[in-house]
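A.B. asks: Contents of input-v8.cif (mmCIF, C-alpha atoms and all ligand atoms):
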```
data_run
loop_
_atom_site.label_atom_id
_atom_site.label_comp_id
_atom_site.auth_asym_id
_atom_site.auth_seq_id
_atom_site.Cartn_x
_atom_site.Cartn_y
_atom_site.Cartn_z
CA MET A 360 0.00 0.00 0.00
CA LYS A 361 1.35 3.40 -0.99
CA PHE A 362 0.53 6.76 0.60
CA ARG A 363 1.44 10.31 -0.39
CA ILE A 364 2.03 12.27 2.78
CA ARG A 365 2.31 15.99 3.58
CA LEU A 366 3.68 17.18 6.90
CA ILE A 367 2.66 20.68 7.93
CA GLN A 368 5.76 22.07 9.64
CA MET A 369 4.42 25.34 11.04
CA ASP A 370 4.96 28.03 13.62
CA ILE A 371 2.21 28.20 16.27
CA ALA A 372 0.61 31.39 17.60
CA PHE A 373 1.08 31.09 21.38
CA GLY A 374 -2.25 30.60 23.17
CA LYS A 375 -4.30 31.76 20.16
CA PRO A 376 -6.44 28.89 18.89
CA GLU A 377 -8.40 31.06 16.42
CA ASP A 378 -5.23 32.23 14.65
CA ASN A 379 -3.94 28.68 14.50
CA PHE A 380 -7.21 27.29 13.11
CA LYS A 381 -7.02 29.89 10.36
CA GLN A 382 -3.43 29.11 9.42
CA VAL A 383 -4.03 25.36 9.49
CA GLU A 384 -7.01 25.78 7.16
CA GLU A 385 -4.81 27.70 4.70
CA LYS A 386 -1.87 25.34 4.98
CA ILE A 387 -4.00 22.23 4.45
CA ALA A 388 -5.55 23.85 1.36
CA ALA A 389 -2.04 24.59 0.03
CA ALA A 390 -0.83 21.06 0.83
CA CYS A 391 -3.78 19.53 -1.00
CA LYS A 392 -3.20 21.46 -4.23
CA GLU A 393 -1.30 18.39 -5.38
CA ASN A 394 -2.84 15.00 -4.74
CA CYS A 395 -2.17 13.69 -1.30
CA ASP A 396 -3.51 10.92 0.94
CA ILE A 397 -2.51 11.90 4.47
CA ILE A 398 -1.88 15.27 6.13
CA VAL A 399 0.06 15.45 9.41
CA LEU A 400 0.00 18.36 11.88
CA PRO A 401 2.37 19.00 14.84
CA GLU A 402 1.79 18.64 18.60
CA LEU A 403 -0.49 21.13 20.43
CA TRP A 404 -0.91 23.07 17.18
CA SER A 405 -3.94 25.07 18.33
CA THR A 406 -2.57 26.44 21.63
CA GLY A 407 1.16 25.79 21.74
CA TYR A 408 2.61 25.26 25.22
CA ASP A 409 0.52 28.01 26.83
CA LEU A 410 0.07 25.64 29.77
CA THR A 411 -0.90 28.17 32.45
CA ARG A 412 -3.93 29.25 30.36
CA LEU A 413 -5.00 25.77 29.27
CA LEU A 414 -8.14 25.78 31.42
CA ALA A 415 -9.36 28.77 29.40
CA ILE A 416 -8.18 27.74 25.94
CA ALA A 417 -8.22 23.90 25.82
CA ASP A 418 -10.86 22.47 23.50
CA LYS A 419 -13.76 20.93 25.49
CA HIS A 420 -13.96 17.27 24.50
CA ALA A 421 -12.07 18.25 21.30
CA LYS A 422 -15.39 19.30 19.81
CA SER A 423 -14.25 22.38 17.85
CA THR A 424 -11.14 20.61 16.61
CA ILE A 425 -13.07 17.58 15.45
CA SER A 426 -15.69 19.57 13.54
CA PHE A 427 -12.98 21.78 12.00
CA LEU A 428 -10.79 18.87 10.87
CA LYS A 429 -13.82 16.85 9.71
CA GLU A 430 -14.83 19.65 7.39
CA LEU A 431 -11.31 19.89 5.95
CA ALA A 432 -11.00 16.11 5.52
CA LEU A 433 -14.27 16.04 3.58
CA LYS A 434 -13.51 19.14 1.55
CA HIS A 435 -10.07 17.94 0.45
CA GLN A 436 -10.84 14.20 0.51
CA VAL A 437 -7.78 13.54 2.65
CA HIS A 438 -7.00 11.62 5.85
CA ILE A 439 -5.77 13.88 8.64
CA VAL A 440 -3.42 12.87 11.46
CA GLY A 441 -4.55 15.91 13.37
CA GLY A 442 -1.39 16.59 15.35
CA SER A 443 -2.41 16.92 18.96
CA ILE A 444 -4.48 19.42 20.88
CA ALA A 445 -5.14 20.32 24.51
CA ASN A 446 -8.34 18.39 25.16
CA ASN A 447 -10.41 19.21 28.25
CA LYS A 448 -12.25 15.98 29.05
CA GLY A 449 -13.83 17.22 32.26
CA ASN A 450 -11.64 15.11 34.54
CA GLY A 451 -8.50 16.86 33.29
CA ILE A 452 -6.71 18.15 30.23
CA TYR A 453 -5.06 15.65 27.92
CA ASN A 454 -2.62 16.06 25.05
CA SER A 455 -4.79 14.25 22.47
CA LEU A 456 -3.93 13.13 18.96
CA ILE A 457 -6.96 12.71 16.71
CA VAL A 458 -7.10 10.97 13.33
CA ILE A 459 -9.94 11.73 10.94
CA ASP A 460 -10.38 9.80 7.73
CA LYS A 461 -11.39 11.32 4.42
CA SER A 462 -15.04 10.44 4.99
CA GLY A 463 -14.95 12.70 8.06
CA GLU A 464 -15.00 9.91 10.68
CA VAL A 465 -12.86 10.13 13.82
CA ILE A 466 -11.04 6.80 13.55
CA HIS A 467 -8.51 7.19 16.36
CA GLU A 468 -7.74 9.14 19.51
CA TYR A 469 -4.50 8.79 21.47
CA ASP A 470 -3.72 10.70 24.66
CA LYS A 471 0.01 11.29 25.26
CA LEU A 472 1.25 8.69 27.71
CA HIS A 473 4.64 10.08 28.73
CA LEU A 474 4.42 13.63 30.07
CA PHE A 475 7.56 15.74 29.66
CA GLN A 476 8.53 17.12 33.06
CA LEU A 477 11.25 19.39 31.68
CA MET A 478 8.46 21.46 30.06
CA ASP A 479 6.06 21.13 33.06
CA GLU A 480 3.55 18.96 31.22
CA HIS A 481 2.98 16.84 34.34
CA LEU A 482 1.76 19.95 36.23
CA TYR A 483 -0.99 20.82 33.75
CA LEU A 484 -1.84 17.70 31.76
CA LYS A 485 -3.09 14.20 32.53
CA SER A 486 -1.34 11.15 31.21
CA GLY A 487 -3.41 9.04 28.81
CA THR A 488 -4.14 5.34 29.02
CA SER A 489 -5.07 4.61 25.40
CA SER A 490 -3.14 2.69 22.74
CA GLY A 491 -1.57 4.44 19.76
CA LEU A 492 -2.55 1.67 17.35
CA PHE A 493 -4.97 2.40 14.52
CA SER A 494 -5.99 1.07 11.17
CA LEU A 495 -6.41 3.12 8.00
CA GLU A 496 -7.16 1.73 4.53
CA ASN A 497 -6.43 -1.79 5.83
CA SER A 498 -2.94 -0.81 7.00
CA THR A 499 -1.82 -0.68 10.63
CA PHE A 500 -0.24 2.48 12.03
CA ALA A 501 0.76 3.84 15.40
CA SER A 502 0.62 7.38 16.75
CA MET A 503 3.15 8.85 19.18
CA ILE A 504 3.57 12.29 20.69
CA CYS A 505 7.01 13.92 21.04
CA TYR A 506 8.64 12.64 24.29
CA ASP A 507 7.11 9.18 23.57
CA ILE A 508 9.98 8.53 21.13
CA ARG A 509 12.37 8.25 24.10
CA PHE A 510 10.48 5.08 25.15
CA PRO A 511 11.43 2.34 22.69
CA GLU A 512 9.40 -0.22 24.63
CA TRP A 513 6.22 1.81 24.05
CA ILE A 514 6.83 1.92 20.32
CA ARG A 515 7.76 -1.78 20.27
CA ALA A 516 4.43 -2.54 21.98
CA HIS A 517 2.80 -1.19 18.81
CA THR A 518 5.07 -2.72 16.16
CA THR A 519 4.71 -6.18 17.72
CA LYS A 520 0.97 -5.68 17.20
CA GLY A 521 1.47 -4.95 13.52
CA ALA A 522 2.23 -1.23 13.13
CA GLU A 523 4.12 -0.64 9.88
CA ALA A 524 4.44 3.13 10.14
CA ILE A 525 4.59 5.42 13.14
CA PHE A 526 3.31 8.98 13.10
CA VAL A 527 5.11 11.25 15.55
CA VAL A 528 3.75 14.72 16.24
CA ALA A 529 6.01 17.05 18.17
CA GLU A 530 7.09 20.39 19.59
CA TRP A 531 10.72 19.33 19.91
CA PRO A 532 13.14 22.05 21.09
CA LYS A 533 16.20 22.99 19.06
CA PRO A 534 18.88 22.33 21.72
CA ARG A 535 18.06 18.61 21.41
CA LEU A 536 17.83 18.42 17.63
CA ALA A 537 20.55 15.75 17.55
CA HIS A 538 18.44 13.56 19.89
CA TRP A 539 15.35 14.09 17.69
CA LYS A 540 17.12 12.82 14.59
CA SER A 541 18.97 9.95 16.25
CA LEU A 542 15.92 8.71 18.17
CA LEU A 543 13.68 8.80 15.09
CA ILE A 544 16.21 6.95 12.95
CA ALA A 545 16.81 4.40 15.72
CA ARG A 546 13.05 3.78 16.14
CA ALA A 547 12.76 3.19 12.37
CA ILE A 548 15.73 0.80 12.21
CA GLU A 549 14.92 -1.20 15.32
CA ASN A 550 11.24 -1.57 14.40
CA GLN A 551 11.82 -1.85 10.63
CA CYS A 552 8.98 0.58 10.03
CA TYR A 553 8.39 4.00 8.52
CA VAL A 554 8.65 6.93 10.91
CA ILE A 555 6.71 10.02 9.84
CA ALA A 556 7.57 12.84 12.22
CA CYS A 557 6.07 16.33 12.13
CA ASN A 558 7.70 19.00 14.32
CA ARG A 559 6.95 22.70 14.69
CA VAL A 560 9.23 25.67 14.09
CA GLY A 561 9.45 29.13 15.66
CA ALA A 562 9.60 29.99 19.34
CA ASP A 563 7.43 30.45 22.42
CA PRO A 564 8.39 32.38 25.59
CA ASP A 565 10.49 29.44 26.83
CA ASN A 566 11.75 27.48 23.83
CA ILE A 567 13.00 27.63 20.27
CA PHE A 568 11.79 24.67 18.25
CA ALA A 569 13.85 22.52 15.92
CA GLY A 570 11.78 21.89 12.79
CA HIS A 571 13.48 19.09 10.82
CA SER A 572 10.29 17.15 10.30
CA MET A 573 11.32 13.85 8.77
CA VAL A 574 10.15 10.75 7.00
CA ILE A 575 12.41 7.74 7.52
CA ASP A 576 12.07 4.39 5.79
CA PRO A 577 12.26 0.93 7.46
CA TRP A 578 15.97 0.65 6.59
CA GLY A 579 16.67 3.88 8.48
CA GLU A 580 17.19 6.02 5.37
CA ILE A 581 15.83 9.57 5.41
CA VAL A 582 13.22 9.86 2.66
CA ALA A 583 12.50 13.56 3.27
CA GLU A 584 13.64 16.15 5.78
CA ALA A 585 12.53 19.74 6.32
CA GLY A 586 14.70 22.66 7.38
CA GLU A 587 14.15 25.07 10.27
CA ILE A 588 11.47 27.33 8.78
CA GLU A 589 7.80 26.77 7.91
CA GLU A 590 7.44 24.20 5.17
CA ILE A 591 5.06 21.61 3.78
CA LEU A 592 7.17 18.48 3.54
CA SER A 593 6.12 15.87 0.97
CA ALA A 594 7.01 12.21 0.95
CA ALA A 595 5.69 8.97 -0.47
CA ILE A 596 5.76 5.74 1.52
CA ASP A 597 5.32 2.19 0.29
CA LEU A 598 4.48 -0.32 3.03
CA GLU A 599 5.76 -3.15 0.79
CA LYS A 600 9.23 -1.96 1.85
CA VAL A 601 8.40 -2.83 5.47
CA THR A 602 7.64 -6.41 4.45
CA GLU A 603 10.90 -6.61 2.45
CA VAL A 604 13.11 -5.30 5.28
CA ARG A 605 11.41 -7.57 7.83
CA LYS A 606 12.09 -10.54 5.53
CA THR A 607 15.76 -9.60 5.01
CA ILE A 608 16.52 -9.33 8.74
CA PRO A 609 13.68 -11.09 10.60
CA ILE A 610 14.03 -9.38 13.96
CA PHE A 611 10.41 -9.95 14.94
CA ALA A 612 10.81 -13.72 14.48
CA ASP A 613 14.21 -13.67 16.24
CA ARG A 614 13.09 -11.80 19.37
CA LYS A 615 13.38 -13.62 22.74
CA PRO A 616 10.86 -11.67 24.81
CA GLU A 617 10.92 -14.28 27.58
CA TYR A 618 14.40 -12.95 28.51
CA TYR A 619 13.51 -9.25 28.37
CA GLN A 620 11.67 -8.78 31.68
O1 LIG B 701 12.27 14.66 24.88
C1 LIG B 701 12.57 15.80 24.52
O2 LIG B 701 13.72 16.21 24.52
C2 LIG B 701 11.50 16.75 24.06
C3 LIG B 701 10.13 16.30 24.42
C4 LIG B 701 9.13 17.35 24.28
O3 LIG B 701 9.42 18.48 23.96
C5 LIG B 701 7.70 17.03 24.46
O4 LIG B 701 7.34 15.88 24.75
O5 LIG B 701 6.88 17.94 24.28
#
```
Show me this structure written as structure tokens.
Ligand SMILES: O=C(O)CCC(=O)C(=O)O

C.D. replies:
Amino acid sequence: MKFRIRLIQMDIAFGKPEDNFKQVEEKIAAACKENCDIIVLPELWSTGYDLTRLLAIADKHAKSTISFLKELALKHQVHIVGGSIANNKGNGIYNSLIVIDKSGEVIHEYDKLHLFQLMDEHLYLKSGTSSGLFSLENSTFASMICYDIRFPEWIRAHTTKGAEAIFVVAEWPKPRLAHWKSLLIARAIENQCYVIACNRVGADPDNIFAGHSMVIDPWGEIVAEAGEIEEILSAAIDLEKVTEVRKTIPIFADRKPEYYQ
């Protein structure tokens, strides 16, 4: 199965959901000028890390985000890996990734599991309990949010259940750009899967962000990589390549999980 993918590497207006909705609408329209199957947005694209104001600006039960992305998915006939948003579920605010297919259905929701203490996430957000696994056009994918890529066992829990490509949405800071690249490439090689990683650019009051959104193939080769300014990154993936690499070096058959605990 082949997919044409566009990653929306964007700056985010700090704490201004309306401005960000507007720019996402324009950027998705621009990305869809040429045929594409899947759009990917970055982490917390509607609010940024305006954590102290989240109670006021988080989307209640993701309702506005879902109706906004649904409309765009239908209009452009495209699947949307809707980055993540601050989602007020009543019992707390979650960092939720939502996937909407081109018929406008919400097919997946994943709440970030690992909260990043260095950026105070644990003080304002609740940790999720859901799986990142989802199915789209009969293919199996996984969704991850930013810090999650530092937990290889979490990603492995998804590739052992069949994930052939992993979507990573992020607000990864520039001082750790080298970690971003190395971790993404390592996750692709060790899981023999595509890694499709969409980061933001620009700055907020506390951080400068790295950009360098990337698509990496199951052999660990970089298929496409963005720079450090706003960009719509295009890449094509072919899941047949996952099958080939997994046949060449059959790590899933060779695992000895009984010794790993
Ligand atoms: O792990 C890192 O260095 C960055 C993680 C991060 O920025 C996040 O999870 O939002």

A.B. asks: Name each residue within 12 Å of ligand LIG 701 (chain B), counting all atoms listed in the file, as an NGL selection string.

C.D. replies: :A and (401-404 or 407-408 or 410 or 443-444 or 454 or 471-481 or 484 or 486 or 503-510 or 527-543 or 558-559 or 565-570)

A.B. asks: Env of Arg515 of chain A: 9 Å cut, atoms = all atoms listed in the file, seq-sep filter 5 positions within chain, self excluded. Answer as a PDB file with C-alpha atoms, keeping the file's coordinate frame.

C.D. replies:
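Result went into result03.pdb, see below:
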```pdb
ATOM      1  CA  PHE A 510      10.480   5.080  25.150  1.00  0.00           C
ATOM      2  CA  LYS A 520       0.970  -5.680  17.200  1.00  0.00           C
ATOM      3  CA  ARG A 546      13.050   3.780  16.140  1.00  0.00           C
ATOM      4  CA  GLU A 549      14.920  -1.200  15.320  1.00  0.00           C
ATOM      5  CA  ASN A 550      11.240  -1.570  14.400  1.00  0.00           C
TER       6      ASN A 550
END
```

A.B. asks: Just to confirm, what's the straight-line distance from atom CA of Lys419 of chain A to atom CA of Ser462 of chain A in Å (one decimal)?

C.D. replies: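 Interatomic distance, atom CA of Lys419 of chain A to atom CA of Ser462 of chain A: 23.1 Å.
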
A.B. asks: With distances taken over all atoms listed in the file, which of A:Ala372, A:Ser455, A:Thr607, A:Gly441 is nearest to Cys557 of chain A?

C.D. replies: A:Gly441

A.B. asks: Which residue gives the smallest distance to Ile588 of chain A among A:Ile371, A:Ile425, A:Ala547, A:Cys391, with all atoms listed in the file counted?

C.D. replies: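 For Ile588 of chain A, the nearest of the given residues is A:Ile371.
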
A.B. asks: Between atom CA of Gly586 of chain A and atom CA of Lys375 of chain A, what is the distance in Å, rounded to a tenth?

C.D. replies: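 Value for the atom CA of Gly586 of chain A-atom CA of Lys375 of chain A distance: 24.6 Å.
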
A.B. asks: Please write as a VMD selection string the list of polymer residues whose atoms come within 8 Å of (-1.2, 3.5, 25.3), counting all atoms listed in the file and keeping to the coordinates of the file.

C.D. replies: chain A and resid 469 to 472 487 to 491 513

A.B. asks: To one decimal place in Å, what is the distance between atom CA of Tyr553 of chain A and atom CA of Lys485 of chain A?

C.D. replies: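 Atom-to-atom, atom CA of Tyr553 of chain A and atom CA of Lys485 of chain A are spaced 28.5 Å apart.
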
A.B. asks: Could you check the closest approach to Asp409 of chain A for each of A:Ala445, A:Ile364, A:Leu456, A:Leu428 and tell me which residue wins, using all atoms listed in the file?

C.D. replies: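 Nearest to Asp409 of chain A: A:Ala445.
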